[in-house]
>>> print(open('model_9.cif').read())   # mmCIF, C-alpha atoms and all ligand atoms
data_model
#
loop_
_atom_site.label_atom_id
_atom_site.label_comp_id
_atom_site.auth_asym_id
_atom_site.auth_seq_id
_atom_site.Cartn_x
_atom_site.Cartn_y
_atom_site.Cartn_z
CA MET A 1 109.05 120.06 108.70
CA ALA A 2 107.08 116.89 109.44
CA PRO A 3 103.48 117.68 110.39
CA SER A 4 102.43 116.97 113.98
CA PRO A 5 99.91 114.21 114.60
CA ARG A 6 97.40 116.90 115.67
CA ASP A 7 97.90 118.69 112.34
CA LEU A 8 97.38 115.45 110.43
CA VAL A 9 94.16 114.66 112.24
CA ALA A 10 92.91 118.24 111.91
CA ARG A 11 93.49 118.00 108.18
CA PHE A 12 92.49 114.42 107.37
CA GLY A 13 90.38 113.23 110.30
CA SER A 14 90.67 110.22 112.62
CA PRO A 15 91.32 107.31 112.45
CA LEU A 16 94.01 107.67 109.83
CA TYR A 17 96.65 105.50 108.18
CA VAL A 18 99.90 107.38 107.58
CA TYR A 19 102.82 105.99 105.55
CA ASP A 20 106.38 107.34 105.46
CA LEU A 21 107.57 106.85 101.88
CA ALA A 22 111.20 107.64 102.69
CA LEU A 23 111.29 104.56 104.90
CA VAL A 24 109.64 102.42 102.22
CA ARG A 25 112.32 103.57 99.76
CA GLU A 26 115.07 102.81 102.26
CA ARG A 27 113.78 99.26 102.82
CA ALA A 28 113.44 98.68 99.07
CA ARG A 29 117.07 99.71 98.58
CA ALA A 30 118.27 97.60 101.52
CA LEU A 31 116.69 94.55 99.91
CA LYS A 32 118.38 95.26 96.60
CA ARG A 33 121.75 95.78 98.33
CA CYS A 34 121.66 92.56 100.32
CA ILE A 35 121.69 90.35 97.23
CA THR A 36 125.03 90.08 95.46
CA TYR A 37 123.90 87.42 92.96
CA GLN A 38 123.09 88.81 89.52
CA PRO A 39 120.67 88.91 87.81
CA PHE A 40 118.39 89.73 90.74
CA GLN A 41 114.78 90.83 90.32
CA PRO A 42 113.10 92.14 93.49
CA VAL A 43 109.33 91.76 93.58
CA PHE A 44 106.77 93.44 95.87
CA ALA A 45 103.99 91.28 97.36
CA ILE A 46 101.32 93.92 96.87
CA LYS A 47 98.85 92.21 99.20
CA ALA A 48 100.79 93.78 102.07
CA ASN A 49 99.91 97.30 100.97
CA SER A 50 98.14 98.04 97.72
CA CYS A 51 97.86 101.80 98.21
CA PRO A 52 99.13 103.09 94.84
CA ALA A 53 101.18 105.87 96.44
CA VAL A 54 103.08 103.24 98.46
CA ALA A 55 103.37 100.56 95.77
CA ARG A 56 104.63 103.17 93.28
CA VAL A 57 107.81 103.56 95.36
CA MET A 58 108.65 99.92 94.68
CA VAL A 59 107.82 100.30 90.98
CA GLU A 60 110.16 103.30 90.80
CA GLU A 61 112.85 101.18 92.45
CA GLY A 62 112.53 98.60 89.68
CA PHE A 63 110.50 95.98 91.54
CA GLY A 64 108.10 93.58 89.90
CA VAL A 65 104.75 92.82 91.53
CA ASP A 66 103.51 89.58 93.07
CA ALA A 67 99.72 89.61 92.69
CA VAL A 68 97.31 87.01 94.04
CA SER A 69 94.01 88.09 92.50
CA PRO A 70 92.60 89.81 89.41
CA GLY A 71 92.22 92.96 91.52
CA GLU A 72 95.89 93.02 92.48
CA VAL A 73 96.88 92.40 88.85
CA ALA A 74 94.68 95.36 87.87
CA ILE A 75 96.41 97.65 90.38
CA ALA A 76 99.87 96.55 89.18
CA LEU A 77 99.02 97.17 85.53
CA LYS A 78 97.41 100.50 86.34
CA LEU A 79 100.62 101.49 88.11
CA GLY A 80 102.38 100.93 84.80
CA VAL A 81 104.17 97.70 85.72
CA LYS A 82 104.94 95.80 82.52
CA PRO A 83 102.95 92.54 82.36
CA ASP A 84 106.14 90.48 82.24
CA LEU A 85 107.10 91.93 85.64
CA VAL A 86 103.79 90.83 87.17
CA ILE A 87 103.70 87.34 88.62
CA TYR A 88 100.21 86.12 89.43
CA THR A 89 100.59 83.59 92.24
CA GLU A 90 97.27 81.85 91.89
CA ASN A 91 95.46 79.92 94.56
CA ASN A 92 92.32 78.11 93.46
CA MET A 93 91.74 80.57 90.63
CA THR A 94 88.79 80.04 88.31
CA ASP A 95 89.11 79.22 84.60
CA GLY A 96 87.70 82.68 83.91
CA GLU A 97 90.41 84.29 86.00
CA MET A 98 93.02 82.22 84.17
CA ALA A 99 91.75 83.36 80.76
CA GLU A 100 91.78 86.99 81.88
CA ALA A 101 95.36 86.73 83.20
CA MET A 102 96.50 85.08 79.94
CA ALA A 103 94.94 87.91 77.95
CA GLN A 104 96.70 90.46 80.17
CA GLY A 105 100.03 88.76 79.48
CA VAL A 106 101.01 88.28 83.13
CA LEU A 107 102.88 85.16 84.20
CA ILE A 108 100.70 82.71 86.11
CA ASN A 109 102.41 80.94 89.00
CA CYS A 110 100.50 77.66 89.32
CA GLY A 111 99.76 76.32 92.77
CA SER A 112 98.49 72.90 91.69
CA LEU A 113 99.07 70.29 89.00
CA ASP A 114 95.49 70.54 87.74
CA ARG A 115 95.89 74.30 87.17
CA LEU A 116 99.20 73.73 85.37
CA GLU A 117 97.54 71.19 83.12
CA ARG A 118 94.58 73.46 82.33
CA LEU A 119 96.94 76.38 81.65
CA GLY A 120 99.00 74.24 79.26
CA LYS A 121 95.90 72.95 77.49
CA ALA A 122 94.59 76.51 77.17
CA GLY A 123 97.67 77.29 75.08
CA ALA A 124 99.89 79.17 77.54
CA ARG A 125 103.55 78.84 76.53
CA ALA A 126 105.15 79.88 79.82
CA CYS A 127 104.33 79.82 83.50
CA ALA A 128 105.84 79.39 86.93
CA VAL A 129 105.08 76.68 89.47
CA ARG A 130 104.86 77.23 93.19
CA PHE A 131 106.32 74.29 95.08
CA ASN A 132 105.72 73.29 98.67
CA PRO A 133 109.16 72.25 99.96
CA ASP A 134 107.49 70.54 102.91
CA ILE A 135 109.07 73.13 105.20
CA GLY A 136 107.02 75.93 106.66
CA ASP A 137 107.71 78.89 108.91
CA GLY A 138 106.05 82.05 110.09
CA SER A 139 105.13 84.04 113.14
CA ASN A 140 101.78 82.25 113.44
CA GLU A 141 100.31 78.97 112.21
CA LYS A 142 97.75 80.86 110.13
CA ILE A 143 100.52 82.39 108.04
CA CYS A 144 102.76 79.34 107.75
CA THR A 145 102.47 78.43 104.07
CA GLY A 146 104.67 75.36 103.67
CA GLY A 147 104.55 71.83 105.04
CA PRO A 148 101.79 69.22 105.19
CA MET A 149 99.11 71.51 106.69
CA SER A 150 99.47 74.12 103.97
CA LYS A 151 97.06 74.26 101.04
CA PHE A 152 99.66 75.95 98.84
CA GLY A 153 101.81 74.72 96.02
CA VAL A 154 102.79 71.49 94.29
CA HIS A 155 104.59 69.08 96.58
CA PHE A 156 108.30 69.15 95.81
CA THR A 157 108.37 65.41 95.13
CA GLN A 158 105.91 65.78 92.23
CA VAL A 159 108.37 67.19 89.70
CA ALA A 160 107.92 64.19 87.39
CA GLU A 161 104.25 65.18 87.01
CA VAL A 162 105.25 68.75 86.19
CA LEU A 163 107.65 67.47 83.52
CA ARG A 164 104.93 65.22 82.08
CA ILE A 165 102.55 68.18 81.75
CA GLU A 166 105.31 70.22 80.10
CA ARG A 167 105.87 67.42 77.56
CA GLU A 168 102.20 66.79 76.90
CA THR A 169 100.99 70.38 76.57
CA GLY A 170 104.09 72.23 75.41
CA ILE A 171 103.96 74.72 78.25
CA GLN A 172 107.36 75.70 79.67
CA VAL A 173 107.88 76.15 83.37
CA VAL A 174 110.13 79.21 83.39
CA GLY A 175 109.81 80.02 87.10
CA CYS A 176 110.39 77.81 90.13
CA HIS A 177 108.76 79.38 93.20
CA MET A 178 108.12 78.89 96.89
CA HIS A 179 106.76 80.96 99.75
CA ILE A 180 107.02 79.11 103.04
CA GLY A 181 105.47 81.59 105.42
CA SER A 182 105.43 85.07 106.73
CA GLY A 183 107.04 87.04 109.50
CA PHE A 184 110.07 84.97 110.50
CA LEU A 185 113.09 86.62 112.10
CA ASP A 186 115.31 83.54 111.99
CA ALA A 187 116.24 82.36 108.51
CA THR A 188 117.12 78.74 109.35
CA ALA A 189 114.00 77.13 107.86
CA PHE A 190 114.00 79.58 104.95
CA VAL A 191 117.56 78.66 103.98
CA LYS A 192 116.81 74.96 104.30
CA ALA A 193 113.79 75.36 102.03
CA MET A 194 115.94 77.21 99.47
CA GLY A 195 118.05 74.05 99.23
CA VAL A 196 114.95 71.92 98.61
CA LEU A 197 113.67 74.35 95.98
CA LEU A 198 117.00 74.42 94.15
CA ASP A 199 116.97 70.60 93.98
CA VAL A 200 113.59 70.91 92.28
CA ALA A 201 114.83 73.71 90.02
CA ARG A 202 117.73 71.57 88.80
CA GLN A 203 115.22 69.17 87.25
CA LEU A 204 113.28 71.82 85.32
CA PRO A 205 114.86 72.44 81.90
CA HIS A 206 113.39 75.84 80.90
CA LEU A 207 113.98 78.08 83.90
CA ARG A 208 114.36 81.83 83.60
CA PHE A 209 114.09 82.44 87.35
CA VAL A 210 113.99 80.94 90.82
CA ASP A 211 111.78 82.77 93.35
CA PHE A 212 112.35 82.18 97.06
CA GLY A 213 109.19 84.10 98.01
CA GLY A 214 108.82 86.54 100.88
CA GLY A 215 108.46 86.12 104.61
CA ILE A 216 111.15 88.36 106.13
CA GLY A 217 109.84 89.48 109.50
CA ILE A 218 110.19 92.79 111.29
CA PRO A 219 110.73 93.41 115.01
CA TYR A 220 107.18 94.21 116.18
CA ARG A 221 108.10 93.76 119.86
CA PRO A 222 110.59 96.04 121.58
CA ASP A 223 112.73 93.03 122.56
CA GLU A 224 112.95 91.63 119.02
CA GLN A 225 115.91 92.25 116.73
CA PRO A 226 115.64 92.88 112.99
CA MET A 227 116.70 90.02 110.79
CA ASP A 228 120.32 90.03 109.63
CA LEU A 229 119.41 90.91 106.07
CA ASP A 230 122.95 90.97 104.73
CA ALA A 231 123.65 87.49 106.11
CA LEU A 232 120.44 86.24 104.51
CA GLY A 233 121.31 87.94 101.22
CA GLN A 234 124.77 86.38 101.20
CA LYS A 235 123.38 82.94 101.90
CA ALA A 236 120.71 83.19 99.20
CA SER A 237 123.24 84.62 96.74
CA ALA A 238 125.79 81.87 97.41
CA LEU A 239 123.20 79.08 97.07
CA MET A 240 121.91 80.61 93.87
CA ALA A 241 125.39 81.05 92.40
CA GLY A 242 126.23 77.41 93.11
CA PHE A 243 122.96 76.36 91.51
CA ALA A 244 123.30 78.56 88.44
CA ASP A 245 126.79 77.31 87.57
CA ARG A 246 125.66 73.70 87.55
CA TYR A 247 122.28 74.46 85.94
CA THR A 248 123.85 76.07 82.89
CA GLY A 249 126.12 73.03 82.59
CA ILE A 250 123.28 70.49 82.82
CA HIS A 251 120.80 72.20 80.55
CA GLY A 252 123.28 73.85 78.20
CA ARG A 253 121.55 77.19 78.53
CA GLU A 254 123.33 80.42 77.79
CA ARG A 255 121.07 82.62 79.82
CA THR A 256 121.73 82.82 83.54
CA VAL A 257 118.82 82.08 85.83
CA GLU A 258 117.46 85.14 87.69
CA LEU A 259 116.96 85.17 91.44
CA HIS A 260 113.68 86.65 92.70
CA LEU A 261 112.64 87.58 96.24
CA GLU A 262 109.11 88.86 96.89
CA PRO A 263 108.67 90.31 100.35
CA GLY A 264 105.73 92.40 101.44
CA ARG A 265 105.96 93.08 105.16
CA PHE A 266 109.68 93.90 105.23
CA LEU A 267 109.20 96.69 102.70
CA VAL A 268 106.17 98.46 104.14
CA ALA A 269 105.24 97.40 107.69
CA GLU A 270 107.43 99.85 109.59
CA SER A 271 106.49 102.78 107.37
CA GLY A 272 102.85 102.70 108.48
CA THR A 273 101.04 104.03 111.54
CA LEU A 274 97.37 103.90 112.35
CA ILE A 275 96.53 107.08 114.27
CA THR A 276 93.44 106.86 116.44
CA THR A 277 91.70 109.15 118.94
CA VAL A 278 90.88 108.12 122.51
CA THR A 279 87.12 108.30 122.92
CA SER A 280 86.63 106.77 126.39
CA VAL A 281 88.71 105.85 129.42
CA LYS A 282 87.26 103.77 132.24
CA THR A 283 88.58 101.85 135.20
CA ASN A 284 86.43 99.04 136.54
CA PRO A 285 86.30 98.36 140.29
CA ASP A 286 88.07 95.27 141.65
CA SER A 287 85.91 92.13 141.60
CA LYS A 288 85.90 88.81 143.45
CA ASP A 289 86.62 85.40 141.91
CA GLY A 290 85.89 83.12 144.90
CA ALA A 291 88.38 84.23 147.53
CA ARG A 292 90.59 85.94 144.96
CA THR A 293 90.42 89.65 144.24
CA VAL A 294 90.56 90.45 140.53
CA LYS A 295 91.97 93.87 139.84
CA GLY A 296 89.65 96.13 137.87
CA ARG A 297 91.06 96.83 134.44
CA THR A 298 91.51 100.18 132.79
CA TYR A 299 90.09 100.27 129.28
CA VAL A 300 91.24 102.89 126.83
CA GLY A 301 88.72 102.98 123.99
CA CYS A 302 89.47 104.41 120.56
CA ASP A 303 87.69 105.43 117.38
CA THR A 304 89.00 102.44 115.42
CA GLY A 305 88.97 98.68 115.93
CA PHE A 306 89.77 95.33 114.38
CA ASN A 307 87.80 96.41 111.34
CA HIS A 308 90.78 98.66 110.51
CA LEU A 309 93.68 96.65 111.97
CA VAL A 310 92.79 92.99 112.42
CA ARG A 311 96.26 91.59 113.15
CA PRO A 312 96.02 91.63 116.98
CA THR A 313 92.59 89.96 116.91
CA MET A 314 93.35 87.52 114.13
CA TYR A 315 96.91 86.46 114.98
CA GLY A 316 97.39 87.71 118.52
CA ALA A 317 99.90 90.05 116.90
CA TYR A 318 101.77 92.66 118.91
CA HIS A 319 101.84 96.28 117.72
CA ARG A 320 103.72 98.96 119.62
CA ILE A 321 101.45 101.76 120.77
CA ASP A 322 102.55 105.31 121.54
CA ASN A 323 100.57 108.06 123.16
CA LEU A 324 101.37 110.94 120.81
CA THR A 325 99.86 113.66 122.99
CA SER A 326 100.60 112.44 126.51
CA GLY A 327 102.22 115.64 127.74
CA GLY A 328 104.35 113.75 130.26
CA ALA A 329 101.51 111.77 131.87
CA PRO A 330 102.68 108.96 134.19
CA LEU A 331 102.99 105.39 132.85
CA THR A 332 99.91 103.32 133.57
CA THR A 333 99.00 99.76 132.64
CA VAL A 334 95.93 99.73 130.41
CA ASP A 335 94.04 97.68 127.83
CA VAL A 336 93.71 99.46 124.49
CA VAL A 337 90.44 98.48 122.82
CA GLY A 338 88.43 99.40 119.76
CA ASN A 339 84.89 100.45 118.92
CA ILE A 340 83.67 97.17 117.38
CA CYS A 341 80.95 95.16 119.08
CA GLU A 342 83.02 92.08 119.89
CA SER A 343 85.06 91.28 122.98
CA GLY A 344 88.00 90.27 120.80
CA ASP A 345 88.35 93.86 119.67
CA VAL A 346 91.52 94.39 121.70
CA PHE A 347 94.70 96.00 120.40
CA ALA A 348 96.73 95.38 123.56
CA ARG A 349 96.31 94.01 127.08
CA ASP A 350 98.33 95.24 130.05
CA ARG A 351 100.23 97.81 128.03
CA ALA A 352 102.24 100.46 129.87
CA LEU A 353 101.38 103.83 128.34
CA PRO A 354 101.58 107.43 129.49
CA MET A 355 98.05 107.54 130.91
CA PRO A 356 95.72 108.31 127.99
CA LYS A 357 93.01 110.92 128.42
CA LEU A 358 90.02 111.73 126.26
CA GLY A 359 91.07 113.19 122.93
CA ASP A 360 94.64 111.89 123.09
CA LEU A 361 96.03 110.52 119.84
CA LEU A 362 97.48 107.01 119.92
CA ALA A 363 99.79 105.57 117.28
CA LEU A 364 99.48 101.89 116.44
CA ARG A 365 102.92 101.27 114.98
CA ASP A 366 104.20 99.00 112.22
CA ALA A 367 100.77 98.93 110.62
CA GLY A 368 101.93 99.50 107.04
CA ALA A 369 101.67 95.82 106.07
CA TYR A 370 98.40 93.89 106.20
CA GLY A 371 96.72 96.83 107.92
CA MET A 372 94.54 98.66 105.43
CA THR A 373 94.63 95.77 102.94
CA MET A 374 92.87 93.56 105.52
CA ALA A 375 90.49 96.26 106.73
CA SER A 376 86.75 95.82 106.38
CA ALA A 377 83.56 97.76 106.85
CA TYR A 378 82.35 95.48 109.66
CA ASN A 379 79.72 97.11 111.89
CA THR A 380 79.06 99.28 108.82
CA ARG A 381 81.96 101.51 109.74
CA PRO A 382 83.66 103.15 106.76
CA LEU A 383 87.35 102.58 105.97
CA PRO A 384 89.79 105.21 107.24
CA ALA A 385 91.72 107.64 105.03
CA GLU A 386 95.30 106.97 103.92
CA VAL A 387 97.93 109.70 103.86
CA VAL A 388 101.51 109.55 102.60
CA ILE A 389 104.42 111.65 103.81
CA ASP A 390 107.49 112.02 101.61
CA GLY A 391 109.91 114.52 103.13
CA ASP A 392 108.00 117.81 103.17
CA ASP A 393 105.27 116.51 100.95
CA VAL A 394 102.11 115.39 102.76
CA ARG A 395 99.23 114.16 100.67
CA LEU A 396 95.99 112.25 100.78
CA ALA A 397 96.30 108.90 99.00
CA ARG A 398 92.80 107.64 99.67
CA PRO A 399 89.92 109.65 101.07
CA ARG A 400 88.01 108.39 104.06
CA GLN A 401 85.10 106.21 102.99
CA THR A 402 81.66 107.62 103.80
CA ILE A 403 78.52 106.00 105.17
CA ALA A 404 76.78 107.16 101.98
CA GLN A 405 79.25 105.06 99.94
CA LEU A 406 78.53 102.05 102.10
CA LEU A 407 74.80 102.44 101.61
CA GLU A 408 75.12 102.98 97.86
CA GLN A 409 76.47 99.46 97.46
CA TYR A 410 73.09 97.87 98.03
CA ILE A 411 70.06 97.56 95.83
CA TRP A 412 67.44 99.26 97.94
N1 LIG A 501 104.57 85.81 98.27
C1 LIG A 501 103.44 85.11 98.45
C2 LIG A 501 103.04 84.12 97.46
C3 LIG A 501 102.66 85.33 99.60
O1 LIG A 501 101.54 84.63 99.77
C4 LIG A 501 103.05 86.30 100.54
C5 LIG A 501 102.26 86.56 101.74
C6 LIG A 501 104.23 87.03 100.28
C7 LIG A 501 104.97 86.74 99.15
C8 LIG A 501 104.72 88.11 101.20
O2 LIG A 501 104.99 87.68 102.47
P1 LIG A 501 105.68 88.68 103.52
O3 LIG A 501 107.01 89.04 102.96
O4 LIG A 501 104.81 89.87 103.64
O5 LIG A 501 105.78 87.91 104.76
N2 LIG A 501 98.13 88.80 106.89
C9 LIG A 501 99.31 88.24 107.51
C10 LIG A 501 100.37 87.91 106.49
C11 LIG A 501 99.89 87.00 105.38
C12 LIG A 501 100.92 86.74 104.32
C13 LIG A 501 100.34 86.06 103.14
N3 LIG A 501 101.25 85.85 102.07
C14 LIG A 501 99.82 89.18 108.58
O6 LIG A 501 99.18 90.22 108.82
O7 LIG A 501 100.81 88.91 109.24
#
>>> encode(input="model_9.cif", output="structure tokens", more="lines below")
Ligand code: LLP
Amino acid sequence: MAPSPRDLVARFGSPLYVYDLALVRERARALKRCITYQPFQPVFAIKANSCPAVARVMVEEGFGVDAVSPGEVAIALKLGVKPDLVIYTENNMTDGEMAEAMAQGVLINCGSLDRLERLGKAGARACAVRFNPDIGDGSNEKICTGGPMSKFGVHFTQVAEVLRIERETGIQVVGCHMHIGSGFLDATAFVKAMGVLLDVARQLPHLRFVDFGGGIGIPYRPDEQPMDLDALGQKASALMAGFADRYTGIHGRERTVELHLEPGRFLVAESGTLITTVTSVKTNPDSKDGARTVKGRTYVGCDTGFNHLVRPTMYGAYHRIDNLTSGGAPLTTVDVVGNICESGDVFARDRALPMPKLGDLLALRDAGAYGMTMASAYNTRPLPAEVVIDGDDVRLARPRQTIAQLLEQYIW
């Protein structure tokens, strides 16, 4: 039987990240099912959730890992992912980081011509290139990663330069990659960008794979619908099949080009909940703004804040909130706020919740992607614990950080 939220908090403390591994597994399988093109290699963007207990589900399902830093590469390799299934999508990496990645045998996905050139000159024989198809999308401008305002990738019109570097250094571009943004629920721009990327891919003679990136959104708001994954899969598969037939003809290659997709959010967001305890409830009196009466707000304060889940503060993101222990309390409109010393530390304004009381447990839903991985120790507050549930199995995946650990980091 699934443990109650009260049991979880009694055992592991509050605040607490909890992940449902069965749901992660289901999403991983749904992604694999939606693509009919073969060969297909699914990849997990581990920046969304690098908790080993969560990432291991994807590894068991045969996913590769998209890593964006030496730290993420280290987690992938420690999880036992073979280096040739790790793609390191670099962004302004250092030469030292490049040398380390080469020694580890992971495939570097170059985000600029100057990195491609340095990689070729350093003796690498294979790499991928991330292209900017000049089309971006995403639920927020901060996470739109294509188009003229994006720092990412080689512009899709610069293929001649890529070919020159291939000729001059002997490096082979075996992967043609894009990632246009994150959190879209409508695939129109994504599909258009696939067309642009495949035009680029046609010109590259040594391809082993084409990677359309991630970006699939999830319905955070109650009125949003999940993306039609099967329709997207069919579209991507059909475009890829059309490409692959012609590509083999042009370049006389026997091997068929693999399709890669590398989502993060879609796989893990819905599996995660941040459980927090209500520590204060207050209703301010009405106030006057000139002749206007401003209704006093009700603030529900909790024992976590944007240090542990920054998405609402950083992107204005919406997360559903449930009162897990309401006991049938009437719906009331409240602001749910955290314990960090900034006014932006707000999880939700004007949210209708069964009236929270002191000690109630609230669930911040869909927090499994970019929740804990973006958490910080701001205000010198330790990171919360992470717990995974897999059927009847409930286990600690990461102990709560302690103040002692925070203090130990300094040279006193
Ligand atoms: N591939 C690359 C190269 C990426 O940079 C990303 C995400 C992904 C794949 C996975 O994207 P996804 O499928 O998760 O949308 N912190 C933001 C999201 C930032 C995404 C950054 N890149 C948020 O909380 O919404």
>>> closest_residue(input="model_9.cif", among="A:Thr279, A:Thr333, A:Thr304, A:Thr325", to="A:Leu358", atoms="all atoms listed in the file")
A:Thr279
>>> closest_atom_pairs(input="model_9.cif", of="chain A", to="ligand LIG 501 (chain A)", cutoff="7 Å", atoms="all atoms listed in the file", output="Markdown table")
| residue | atom | partner | partner_atom | distance |
| --- | --- | --- | --- | --- |
| A:Ala45 | CA | A:LIG501 | C7 | 5.0 |
| A:Ala48 | CA | A:LIG501 | O4 | 5.8 |
| A:Asp66 | CA | A:LIG501 | N1 | 6.5 |
| A:Thr89 | CA | A:LIG501 | C2 | 5.8 |
| A:Ile143 | CA | A:LIG501 | C11 | 5.4 |
| A:His179 | CA | A:LIG501 | C2 | 5.4 |
| A:Gly181 | CA | A:LIG501 | O5 | 6.4 |
| A:Ser182 | CA | A:LIG501 | O5 | 3.5 |
| A:Gly183 | CA | A:LIG501 | O5 | 5.0 |
| A:Gly213 | CA | A:LIG501 | N1 | 4.9 |
| A:Gly214 | CA | A:LIG501 | O3 | 3.7 |
| A:Gly215 | CA | A:LIG501 | O5 | 3.2 |
| A:Ile216 | CA | A:LIG501 | O3 | 5.3 |
| A:Gly217 | CA | A:LIG501 | O5 | 6.4 |
| A:Glu262 | CA | A:LIG501 | C7 | 5.2 |
| A:Pro263 | CA | A:LIG501 | O3 | 3.3 |
| A:Gly264 | CA | A:LIG501 | O4 | 3.5 |
| A:Arg265 | CA | A:LIG501 | O4 | 3.7 |
| A:Phe266 | CA | A:LIG501 | O3 | 6.0 |
| A:Arg311 | CA | A:LIG501 | O6 | 5.4 |
| A:Ala369 | CA | A:LIG501 | O6 | 6.7 |
| A:Tyr370 | CA | A:LIG501 | O6 | 4.6 |
>>> closest_residue(input="model_9.cif", among="A:Ala367, A:Met374, A:Val334, A:Leu204", to="A:Met314", atoms="all atoms listed in the file")
A:Met374
>>> residues_around(input="model_9.cif", residues="A:Val54", least_positions_apart="4", cutoff="12 Å", atoms="only C-alpha atoms", output="ChimeraX atom specification")
/A:17-25,28,44,46-50,58-61,75-76,79,264,267-269,271-272,368-369,372,386-390,395-398
>>> atom_distance(input="model_9.cif", atom1="atom CA of A:Thr313", atom2="atom CA of A:Gly344")
6.0 Å
>>> atom_distance(input="model_9.cif", atom1="atom CA of A:Asp289", atom2="atom CA of A:Pro312")
27.4 Å
>>> residues_around(input="model_9.cif", residues="A:Ala317", least_positions_apart="2", cutoff="12 Å", atoms="all atoms listed in the file", output="list of chain:residue names")
A:Ser139, A:Asn140, A:Lys142, A:Ile143, A:Gly183, A:Pro219, A:Tyr220, A:Arg221, A:Phe306, A:Leu309, A:Val310, A:Arg311, A:Pro312, A:Thr313, A:Met314, A:Tyr315, A:His319, A:Arg320, A:Val346, A:Phe347, A:Ala348, A:Arg349, A:Leu364, A:Arg365, A:Asp366, A:Ala367, A:Tyr370, A:Gly371
>>> atom_distance(input="model_9.cif", atom1="atom CA of A:Val278", atom2="atom CA of A:Gly301")
5.8 Å
>>> closest_residue(input="model_9.cif", among="A:Pro5, A:Pro399, A:Gly359, A:Gly153", to="A:Leu113", atoms="only C-alpha atoms")
A:Gly153
>>> build_atoms(input="model_9.cif", residues="stretch 266-277 of chain A", atoms="N, CA, C and O atoms", output="CSV table (one decimal), in the frame of the given file")
chain,number,residue,atom,x,y,z
A,266,PHE,N,108.4,93.3,105.0
A,266,PHE,CA,109.7,93.9,105.2
A,266,PHE,C,109.7,95.3,104.6
A,266,PHE,O,110.3,96.2,105.2
A,267,LEU,N,109.1,95.4,103.4
A,267,LEU,CA,109.2,96.7,102.7
A,267,LEU,C,108.3,97.8,103.3
A,267,LEU,O,108.7,99.0,103.2
A,268,VAL,N,107.2,97.4,103.8
A,268,VAL,CA,106.2,98.5,104.1
A,268,VAL,C,105.7,98.5,105.6
A,268,VAL,O,105.1,99.5,106.0
A,269,ALA,N,105.9,97.4,106.4
A,269,ALA,CA,105.2,97.4,107.7
A,269,ALA,C,105.6,98.6,108.5
A,269,ALA,O,104.8,99.3,109.1
A,270,GLU,N,107.0,98.8,108.6
A,270,GLU,CA,107.4,99.8,109.6
A,270,GLU,C,107.1,101.3,109.1
A,270,GLU,O,107.2,102.2,109.9
A,271,SER,N,106.8,101.4,107.9
A,271,SER,CA,106.5,102.8,107.4
A,271,SER,C,105.1,103.3,107.8
A,271,SER,O,104.8,104.4,107.7
A,272,GLY,N,104.3,102.3,108.3
A,272,GLY,CA,102.8,102.7,108.5
A,272,GLY,C,102.4,102.8,109.9
A,272,GLY,O,102.9,102.1,110.8
A,273,THR,N,101.6,103.8,110.2
A,273,THR,CA,101.0,104.0,111.5
A,273,THR,C,99.5,104.2,111.4
A,273,THR,O,99.1,104.9,110.5
A,274,LEU,N,98.8,103.6,112.3
A,274,LEU,CA,97.4,103.9,112.4
A,274,LEU,C,97.2,104.8,113.5
A,274,LEU,O,97.4,104.5,114.7
A,275,ILE,N,96.8,106.1,113.2
A,275,ILE,CA,96.5,107.1,114.3
A,275,ILE,C,95.1,107.0,114.7
A,275,ILE,O,94.2,107.0,113.8
A,276,THR,N,94.8,107.0,116.0
A,276,THR,CA,93.4,106.9,116.4
A,276,THR,C,93.3,107.8,117.6
A,276,THR,O,94.2,108.2,118.3
A,277,THR,N,92.0,108.2,117.9
A,277,THR,CA,91.7,109.2,118.9
A,277,THR,C,91.1,108.4,120.1
A,277,THR,O,90.2,107.5,119.9
